[in-house]
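One structure is given below, encoded as structure tokens.
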Amino acid sequence: MKQLIFALIFTFLGTSLSAQEGFKIGVQAGLPLGDYNDLVGVVIGADMGYMWAPNKIFDLGIKAGIIHGFAERFKEEVVTVKLPSIQFAPLAASVRIWPSRSFSLGGDIGQAFGLNEGNDGGLYYRPQIGFQTGAQSEFNFSYTAIQNGDDTWSTVTIGFVYTFLSARHFR
């Protein structure tokens, strides 16, 4: 076990890594799972935040955003039943680990505030895998979960993030 840990440490130290410090803005779209799958058809979201890069292996930051779940429409004979849309505003801490120049693992954890009537929000977490597509852009895949009372809001999403690099990056 010790040999595996040392091998991982030397792999991280010997790899050319590329953390990204700066203001980030992102968008995502996805599908609901679990408790909300019958209530919501598709999900979109947007977020913004700032990431600090204490070193080239990982980034730490804060993020705020909006998540909107578009309600399903059900048709029963002549009457169309429209359910309400569901919205959350997450506020979270973020971490990203860069095992290589173009690949990151990380996640967000915080509180999601419910915006629609009867929605109290809850604990928010979003693990994700990112693939850098340019010097300042990445695509990511994520799973989002919000503990909303006895129910769990959960989605799988694909997203795009653009980073406005900090001035420190260019020194």
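Ordering of the structure tokens sets the chain letters (A, B, ...); residue numbers start at 1 within each chain; ligands are numbered from 1 in the order shown.
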
- prompt: Hey, what does DSSP flag as strand (DSSP E or B) within segment 6-164 of chain A? Can you give it to me as a ChimeraX atom specification?
  reply: /A:22-34,40-52,58-71,73-76,79-82,86-100,103-114,122-132,137-148,151-164

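Here the question is which of A:Val27, A:Glu21, A:Gly122, A:Lys56 gets nearest to Asn140 of chain A using only C-alpha atoms, and that residue is A:Val27.
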
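The interatomic distance for the pair atom CA of Pro90 of chain A and atom CA of Gly134 of chain A works out to 26.9 Å.
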
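Proximity to Ile129 of chain A was assessed for A:Arg96, A:Gln147, A:Trp153, A:Tyr162 counting only C-alpha atoms; the smallest distance is recorded for A:Arg96.
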
- prompt: What is the distance between atom CA of Arg126 of chain A and atom CA of Ile25 of chain A, in Å to one decimal?
  reply: 16.0 Å

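Distances here use only C-alpha atoms; by that measure, the residue among A:Asp59, A:Glu117, A:Asp47, A:Asp150 closest to Gly26 of chain A is A:Asp47.
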
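Residue nearest Ala29 of chain A, chosen from A:Trp98, A:Ala46, A:Ala89, A:Ile109 and counting only C-alpha atoms: A:Ala46.
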
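Rounded to one decimal, atom CA of Gly149 of chain A and atom CA of Leu123 of chain A lie 9.6 Å from each other.
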